[in-house]
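J.: Okay, handing you the structure first.
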Amino acid sequence: MTQGGSATATSGRAPGPQGALAAGVAVLLVLAGSMHPATARAAGPAASACSLPEAGPAVRRIVQPGIEIAWRPSAGAIEVGRPFSIEFVVCQQAEPTSAIERLAVDAWMPAHRHGMNYRPTLSGTPPGPLRADGLLFHMPGRWQVVFELRTGERALRLTDDLTLR
Amino acid sequence: MGLAVALVAAAGCRAPDTAPDARTVAAVDRATPSARSAPPPRLAAVLGLDADEVAAIVSHGPWPPPPRPDPTNRASGDPAAIELGRRLFDDPRPSADGRRRCSDCHRAELAFADGRARPPGADGLPLDRNAQGLLDARLQHWFGWDGGADSLWAFILRPLADPREIGTDGPRLAALFDADPTLACLRRAAFGDPRPADDALRVQVAKALAAYIETLESPRTPFDALRDALAVPADADAATAAAAEAAALAYPADALRGLRRFVGDARCGLCHVGPAFSHGEFHDAGRPFMAAPGRPDPGRHGGIAALRADPFNRLGRWSDAPSPDAAVRTRHIEPSHRNFGEFRVPGLRALAFTAPYGHDGSMKTLDDVIAHYSDVDLERLHADGDAVLRPLRLEAGARAELRAFLSTLSAPRPVASPRDPAAAPAVAACMARPGT
């Protein structure tokens, strides 16, 4: 069960290959290793054309210049100790258009300095809807859902805070 | 899992969807204290509880939770299987030496624990871990101190096979069923004919034992009376409200202070979550973890390895679950070096009967447990920066209040009255004419 929340997006240089990938190139959607953001900018939910199909729980948004993630739990509210899935879309608005080279979904509790005991699996094709299965928040408190992406030269870390009671 | 995917084009997703879904909004609203069925203001005020405290207390119920059959066990909830399991639980004949029973280490009068730090194995040496009580096991997701099994029946296969515990095998079980027509009848009623052998028979026995253990439930407690009183909605009728107030005011004042500490500053409720007072996951609590001199107990680290290697886990062919959803935890388990020295967070119900405490039974009393968390040595943790634990630094009065609260999680008797499986037609038929 969730209450409140805030979204944050950070970006930085990815250590990988230079240059944006050309459109149409197949990329691997993987659980990423850590990427190190260089700057941070907070962005709240905003009306957007970046969206999920209408049927379903309320959509949450993380917005950064040039990129937006809209996500929601796939069924009802998130509850402590109960596995859940999320649906999300990744929308890029920046020019030039870049491919998502790597994409990861994870979550952790900043105050406790630990993450989940489970590794989500991803499915789908960007921009989405994509799906992450196997998330589980095992404690009440503030959790931070983390989306990590690498698009060409950019490493992005977009987060959304949720408080579970 | 990794997927090869086509490249992302620019934005342009779909039609606007900014209108929130009513179902989720309702669910979220129910989670917030202000939107819950608020307790009668006067009752909360009399007890000195704020809305967050009331919400936290109410989250530990109701008790008991409704039945939830184990989807991986087709015998779960089946009366014949329950009766078969009940009989096998107290039967020494399956054991290697014909003398050891499950009930030796899981005694009903001790909430199905055994009162010893670590029970002796068949070789006379202590086993590696404390024998956990079995009450309310149906509510768990991981079994054993290390969570090395993802179902109750898969966990039971371990002591069944371990020569230091029951030490049975397929041929011995087959001989037992061939010799005992009542057991054979119950097995037939639960699982059908023909009687299998070897692994399949061991699995049936484990599933029958699990079906029985699922019925072992801790009774309602003084805490539950308080919790239910606080859950009475503000618009309840006068008689209901009066009964709730009477129940709440009967709760001991020192226990209430301990409860407020439990859900408040002491942060016990971070791990001791929900009606069973456990989130069912694993933490390094700073306890010793040497199973024997020079031999550490790896805890959850070893448990995950055992789980993944176990052909009887939920991902395997022995699971009866029709949906892969039943294995979602197993499929997504994430091993980490921090799992070393982690053990499953135990539930707290029937605590008064299950001493000694801890995975190695090294804390003899509740006072020892409270003292440990009051003075926990963070240097002992292997949690790699995990910041859940911190020394509580409790004075003597605060410790006594916490103990008073914990005592209200036990009823005068350790076990709720189980259903009587003998009343079921299939069981009654086996009792009357076992050869049928």
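Please note that chains go A, B, ... in the order of the structure tokens, that every chain numbers its residues from 1, and that ligands are numbered from 1 in the order shown.
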As a PyMOL selection string, please: the residues near region 293-303 of chain B (cut-off 10 Å, only C-alpha atoms, same-chain neighbours under 2 positions excluded).
T.: chain B and resi 128-129+142-149+281-284+288-291+305-309+335-344+359-360
J.: Can those selected residues be exported to a file as a compact mmCIF listing (two decimals), in the first residue's frame so that it contains C-alpha atoms?
T.:
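The new file out_2.txt reads:
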# COMPACT_ATOMS: atom_id res chain seq x y z
CA ASP B 128 22.86 -26.97 13.83
CA ARG B 129 19.81 -24.90 14.65
CA TRP B 142 10.22 -19.43 3.19
CA PHE B 143 10.79 -22.33 5.53
CA GLY B 144 13.58 -23.08 7.92
CA TRP B 145 15.90 -20.55 9.51
CA ASP B 146 17.74 -20.26 6.20
CA GLY B 147 14.68 -20.33 3.95
CA GLY B 148 16.16 -23.25 2.08
CA ALA B 149 12.70 -24.44 1.09
CA GLU B 281 12.40 -12.42 4.99
CA PHE B 282 15.94 -12.51 6.34
CA HIS B 283 18.21 -10.29 8.37
CA ASP B 284 21.52 -10.41 10.11
CA PRO B 288 26.64 -15.68 16.59
CA PHE B 289 26.55 -18.00 13.62
CA MET B 290 29.00 -20.76 14.33
CA ALA B 291 27.25 -24.11 14.07
CA ALA B 305 21.95 -22.25 -2.71
CA ALA B 306 19.97 -25.16 -1.29
CA LEU B 307 16.75 -23.77 -2.66
CA ARG B 308 18.12 -23.40 -6.15
CA ALA B 309 19.54 -26.91 -6.14
CA PRO B 335 21.51 -14.04 -3.84
CA SER B 336 23.96 -11.63 -2.32
CA HIS B 337 27.05 -11.86 -0.16
CA ARG B 338 25.12 -10.01 2.52
CA ASN B 339 22.95 -13.12 2.91
CA PHE B 340 25.76 -14.73 4.88
CA GLY B 341 24.68 -14.83 8.51
CA GLU B 342 21.11 -13.81 7.74
CA PHE B 343 18.29 -15.85 9.22
CA ARG B 344 14.55 -15.71 8.79
CA HIS B 359 18.42 -19.52 15.18
CA ASP B 360 20.81 -21.24 17.55
J.: Need the shell around Ala327 (chain B): protein/DNA/RNA residues with any atom at most 9 Å away, counting only C-alpha atoms. Skip same-chain ones fewer than 5 positions apart. Format as an MDAnalysis selection string?
T.: chainID B and resid 72 150 313:315 321 332
J.: Could you please determine the separation between CA of Pro324 (chain B) and CA of Gly274 (chain B) in Å, to one decimal place?
T.: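 CA of Pro324 (chain B) sits 25.3 Å away from CA of Gly274 (chain B).
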J.: What's the 7 Å shell around region 67-71 of chain A, counting only C-alpha atoms, without same-chain residues fewer than 5 positions away, as a ChimeraX atom specification?
T.: /A:50-51,59-62,86-94
J.: Print the selection's residues with C-alpha atoms to a file, as a CSV table (one decimal), in the first residue's frame.
T.:
chain,number,residue,atom,x,y,z
A,50,CYS,CA,3.6,9.5,-22.6
A,51,SER,CA,1.1,7.0,-21.3
A,59,VAL,CA,0.1,6.1,-13.5
A,60,ARG,CA,3.1,7.7,-11.9
A,61,ARG,CA,5.6,9.7,-13.9
A,62,ILE,CA,9.3,10.6,-13.7
A,86,ILE,CA,4.9,-3.0,-12.9
A,87,GLU,CA,4.1,-1.7,-16.3
A,88,PHE,CA,6.0,1.2,-17.8
A,89,VAL,CA,6.8,3.1,-20.9
A,90,VAL,CA,9.9,5.0,-21.7
A,91,CYS,CA,9.4,8.1,-23.8
A,92,GLN,CA,12.2,10.0,-25.3
A,93,GLN,CA,11.7,13.5,-26.6
A,94,ALA,CA,15.2,14.7,-27.1
J.: Could you please write out, as a list in words, every residue of region 255-290 of chain B that DSSP assigns to alpha helix (DSSP H)?
T.: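 Selecting the alpha helix (DSSP H) positions of region 255-290 of chain B gives Ala255, Leu256, Arg257, Gly258, Leu259, Arg260, Arg261, Phe262 and Val263 of chain B.
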